[in-house]
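Down below is the structure, laid out as structure tokens.
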Amino acid sequence: MDRRAPVFHTLGCRLNAYETEAMRELTAAAGIEDAVIVNTCAVTSEAVRKARQEIRKLRRANPGAKLIVTGCAAQTEPETFRDMAEVDLVLGNTEKMDPATWTGLATDFIGETEKVRVDDIMSVTETAGHLIDGFGTRSRAYVQVQNGCDHRCTFCIIPYGRGNSRSVPAGVVVDQIRRLVDRGYNEVVLTGVDLTSWGADLPGEPRLGDLVMRILRLVPDLRRLRISSIDSIEADENLMQAIATEPRLMPHLHLSLQHGDDLILKRMKRRHLRDDAIAFCDEARALRPDITFGADIIAGFPTETEAAFANSLRLVEECGLTWLHVFPYSPRPGTPAARMPQVDGTAIRERAAHLRAAGERAVAAHLGAQVGRTHAVLMESARMGRTEQFAEVLFDTDQPEGRIVSARITGQREGRLLAVPA
């Protein structure tokens with residue numbers, strides 16, 4: 001590898017990882033050299049702290065390179081990074097995806113006189129379909145179909161980092177997926193900030209289910225389609241129909257639930273109540289009995305009582321959740337929740353630990369139920385793949401990377417399934 005090629009460091013969500021790959025292609029086309037590019041996350045104060053820590057570490061490791069900070073934290077608080085001596089340039093989320101940004105930097109790097117290039121993200125009205133060749137593994141590719149969010153949950157800073165919701169037209173998405181399938185990818189994952197809002201800004205206001213059905217109809221050679229995190233209250237009729245009738249749509253949904261107590265959900269300014277979440281999971285499971293659910297849950301949101309937390313803990317069982325992403329609440333400056341009465345930090349950590357333990361039990365139960373069954377496993381490496389429900393599977397012998405292999409599950413170990421070729 002060219003030692004002068006840019007060094008990238010990505011923090012945060014899968015969408016950030018996608019955009020890093022797009023930047024990798026943009027910087028290569030522009031001829032950018034001797035640069036370190038940090039793509040930051042702003043979801044919590046802890047995420048910003050980690051970004052600053054990584055920037056200092058990367059500066060020590062690359063003393064002669066230009067260090068560029070971009071991503072959501074750069075968008076929401078550019079002054080934080082402008083004031084770091086290690087940083088040469090701060091780019092906003094719009095600027096990082098603009099080819100003109102990188103071609104300009106290749107010929108005339110902006111110095112101290114213009115250290116910050118961050119425009120008003122709320123003025124952005126389009127999301128381009130960045131046609132990268134896929135990333136992650138040789139078997140799975142991610143396609144950004146939506147960006148931004150029109151909702152204003154009281155704990156969340158992300159709309160101010162990503163802007164309002166905007167969608168990639170369906171034809172652009174289908175063309176990109178065709179190209180990825182032609183390159184040998186067996187699985188495509190649709191990504192976005194608020195995926196179930198896809199289409200609201202497009203002519204005719206199509207819904208996410210319409211996009212899913214169109215992809216599966218127009219790209220018949222696509223073996224597997226996955227959906228990343230969705231807001232279950234916004235699931236449309238066609239999406240439920242796809243869950244019920246389309247075997248190529250994988251039976252795994254990650255849900256943005258956040259809490260299991262109605263009063264806390266209202267204070268979060270969420271659009272669902274606990275019974276809505278339970279009803280959605282019951283309906284989806286009735287349509288597709290083998291479906292599994294992941295979920296984001298926040299522990300210790302302001303004003304959360306022990307009884308409110310108990311409702312969140314019970315939701316794991318009542319919804320039949322398997323894969324939990326547990327977030328200990330930390331106040332995010334600039335959000336309404338940061339001004340609410342805060343929960344004691346020790347209680348937050350203890351509650352998060354209880355939720356994680358519940359998640360570990362749910363995973364163990366799911367994996368145990370798979371022993372003796374046969375799964376179609378998409379190989380991510382020679383000896384590791386994933387089931388349709390996204391469980392990791394380990395083999396003792398090499399399998400063809402990127403292929404879908406039939407596997408008999410023989411056991412589980414440390415949160416992974418063990419298998420032999422069927």
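In the structure tokens, each chain is lettered A, B, ... as it comes, each chain's residues begin at 1, and ligands are numbered from 1 in order of appearance.
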
Identify all residues of region 121-237 of chain A in helix (DSSP H, G or I) (DSSP on the backbone) and supply them as a compact mmCIF listing (two decimals) with C-alpha atoms, in the first residue's frame.
```txt
# COMPACT_ATOMS: atom_id res chain seq x y z
CA ILE A 121 -26.76 21.17 7.31
CA MET A 122 -30.45 22.15 7.46
CA SER A 123 -30.13 23.76 4.04
CA ILE A 158 -28.12 13.68 15.32
CA PRO A 159 -30.62 15.79 13.30
CA TYR A 160 -28.30 18.74 13.84
CA GLY A 161 -25.41 16.70 12.50
CA ARG A 162 -27.26 15.09 9.60
CA ALA A 170 -35.43 4.21 -5.89
CA GLY A 171 -33.98 3.97 -9.40
CA VAL A 172 -30.56 5.04 -8.15
CA VAL A 173 -30.73 2.48 -5.34
CA VAL A 174 -31.73 -0.34 -7.69
CA ASP A 175 -28.94 0.54 -10.13
CA GLN A 176 -26.36 0.48 -7.37
CA ILE A 177 -27.57 -2.86 -6.02
CA ARG A 178 -27.45 -4.36 -9.52
CA ARG A 179 -23.85 -3.18 -9.81
CA LEU A 180 -22.96 -4.72 -6.45
CA VAL A 181 -24.59 -8.04 -7.36
CA ASP A 182 -22.66 -8.03 -10.65
CA LEU A 195 -34.72 4.47 7.38
CA THR A 196 -38.49 4.21 7.70
CA SER A 197 -38.83 7.85 6.62
CA LEU A 208 -39.70 1.81 2.65
CA GLY A 209 -41.76 -1.30 1.90
CA ASP A 210 -42.23 -0.08 -1.67
CA LEU A 211 -38.47 0.23 -2.04
CA VAL A 212 -37.86 -3.24 -0.60
CA MET A 213 -40.40 -4.84 -2.94
CA ARG A 214 -38.98 -2.96 -5.93
CA ILE A 215 -35.42 -4.08 -5.18
CA LEU A 216 -36.43 -7.72 -4.81
CA ARG A 217 -38.50 -7.59 -8.01
CA LEU A 218 -35.96 -5.77 -10.19
CA SER A 232 -41.28 0.10 14.13
CA ILE A 233 -44.18 2.54 14.48
CA GLU A 234 -43.49 3.69 10.91
CA GLU A 237 -48.07 -2.32 4.88
```

**OP:** Pick out each residue of region 253-397 of chain A that DSSP on the backbone tags as strand (DSSP E or B); I need them as number ranges by chain.
**Re:** A: 253-258, 292-299, 321-328, 374-379, 384-386, 392-395

Subject >> Close residues, Ile227 (chain A) itself excluded, 9 Å, only C-alpha atoms, min 6 positions apart in chain, as a PyMOL selection string >> reply: chain A and resi 188-191+195+212+249-250+252-254

Original post:
Of the candidates A:Ile264, A:Met340, A:Ala279, A:Leu255, which shows the shortest atom-to-atom distance to Ala310 (chain A), using only C-alpha atoms?
Top reply: A:Ile264

Subject >> Shell of 10 Å around Glu187 (chain A), only C-alpha atoms, local chain residues under 4 positions omitted, as JSON, numbers by chain >> reply: {"A": [138, 139, 140, 141, 142, 177, 180, 181, 222, 223, 224, 225, 226, 248, 249, 250, 378, 402, 403, 404]}

What are the closest atom pairs, with distances in Å to one decimal, for each residue of region 245-355 of chain A lying within 7 Å of region 40-50 of chain A, using only C-alpha atoms, rows by chain and rising residue number, as JSON lines?
```
{"residue": "A:Ser330", "atom": "CA", "partner": "A:Thr44", "partner_atom": "CA", "distance": 6.4}
{"residue": "A:Pro331", "atom": "CA", "partner": "A:Ser45", "partner_atom": "CA", "distance": 6.9}
{"residue": "A:Arg332", "atom": "CA", "partner": "A:Ser45", "partner_atom": "CA", "distance": 5.6}
```

Original post:
Counting only C-alpha atoms, what is within 6 Å of Val145 (chain A), bar same-chain residues fewer than 6 positions away, as an MDAnalysis selection string?
Top reply: chainID A and resid 167:168 192

Subject >> Selection: 10 Å around Thr94 (chain A), only C-alpha atoms, excl. self and same-chain fewer than 4 positions, as a ChimeraX atom specification >> reply: /A:70-71,75,98,101,117-121,124,127,161-163

Subject >> Close residues, region 285-298 of chain A itself excluded, 9 Å, only C-alpha atoms, min 4 positions apart in chain, as a PyMOL selection string >> reply: chain A and resi 229+240-241+243-245+250-260+280-281+312+316+319-329+352+355+366+388-390

Grab the residues selected above and save them as an mmCIF file, in the first residue's frame with C-alpha atoms.
```
data_model
loop_
_atom_site.group_PDB
_atom_site.id
_atom_site.type_symbol
_atom_site.label_atom_id
_atom_site.label_comp_id
_atom_site.auth_asym_id
_atom_site.auth_seq_id
_atom_site.Cartn_x
_atom_site.Cartn_y
_atom_site.Cartn_z
ATOM 1 C CA SER A 229 -32.356 -0.045 12.167
ATOM 2 C CA MET A 240 -44.950 -6.137 6.545
ATOM 3 C CA GLN A 241 -45.979 -7.914 3.341
ATOM 4 C CA ILE A 243 -41.557 -9.763 5.840
ATOM 5 C CA ALA A 244 -44.336 -12.283 5.337
ATOM 6 C CA THR A 245 -43.715 -13.308 1.729
ATOM 7 C CA MET A 250 -33.617 -11.591 5.977
ATOM 8 C CA PRO A 251 -35.594 -12.356 9.169
ATOM 9 C CA HIS A 252 -33.723 -9.904 11.369
ATOM 10 C CA LEU A 253 -34.835 -6.393 12.283
ATOM 11 C CA HIS A 254 -33.091 -3.908 14.548
ATOM 12 C CA LEU A 255 -35.657 -1.680 16.252
ATOM 13 C CA SER A 256 -35.210 1.848 17.576
ATOM 14 C CA LEU A 257 -37.203 1.274 20.776
ATOM 15 C CA GLN A 258 -35.128 3.296 23.296
ATOM 16 C CA HIS A 259 -37.309 2.508 26.342
ATOM 17 C CA GLY A 260 -40.134 0.395 27.699
ATOM 18 C CA PHE A 280 -45.273 -4.884 16.218
ATOM 19 C CA CYS A 281 -43.035 -7.729 17.368
ATOM 20 C CA SER A 312 -37.651 -1.467 30.011
ATOM 21 C CA VAL A 316 -36.782 -7.540 26.455
ATOM 22 C CA CYS A 319 -40.983 -8.200 22.701
ATOM 23 C CA GLY A 320 -38.785 -11.291 22.436
ATOM 24 C CA LEU A 321 -35.665 -9.190 21.802
ATOM 25 C CA THR A 322 -32.378 -10.972 21.121
ATOM 26 C CA TRP A 323 -29.647 -8.531 20.129
ATOM 27 C CA LEU A 324 -29.530 -5.525 22.483
ATOM 28 C CA HIS A 325 -27.569 -2.307 22.008
ATOM 29 C CA VAL A 326 -27.598 -0.779 25.496
ATOM 30 C CA PHE A 327 -26.706 2.890 25.890
ATOM 31 C CA PRO A 328 -26.074 4.315 29.374
ATOM 32 C CA TYR A 329 -27.601 7.786 29.165
ATOM 33 C CA ALA A 352 -27.213 -0.713 31.927
ATOM 34 C CA LEU A 355 -30.039 -4.744 30.556
ATOM 35 C CA HIS A 366 -31.611 -17.999 20.823
ATOM 36 C CA GLU A 388 -30.205 -15.396 8.256
ATOM 37 C CA GLN A 389 -30.910 -13.986 11.749
ATOM 38 C CA PHE A 390 -27.367 -12.494 11.898
#
```

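Of the residues listed (A:Glu95, A:Glu77, A:Asp236, A:Asp194), A:Asp194 shows the shortest atom-to-atom separation from Leu15 (chain A); distances use only C-alpha atoms.
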
**OP:** Compare A:Gly415, A:Thr154, A:Glu401, A:Gly204 by their minimum atom-to-atom distance to Arg339 (chain A), counting only C-alpha atoms, and give me the closest one.
**Re:** A:Thr154

Original post:
Separation of CA of Ile32 (chain A) and CA of Pro6 (chain A), in Å?
Top reply: 6.9 Å

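Minimum atom-to-atom distance to Val377 (chain A), evaluated using only C-alpha atoms, belongs to A:Asn186 out of A:Asn186, A:Val363, A:Lys57, A:Arg356.
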
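Using only C-alpha atoms, the smallest distance between any of A:Thr20, A:Thr335, A:Gln53, A:Thr397 and Ile37 (chain A) comes from A:Thr20.
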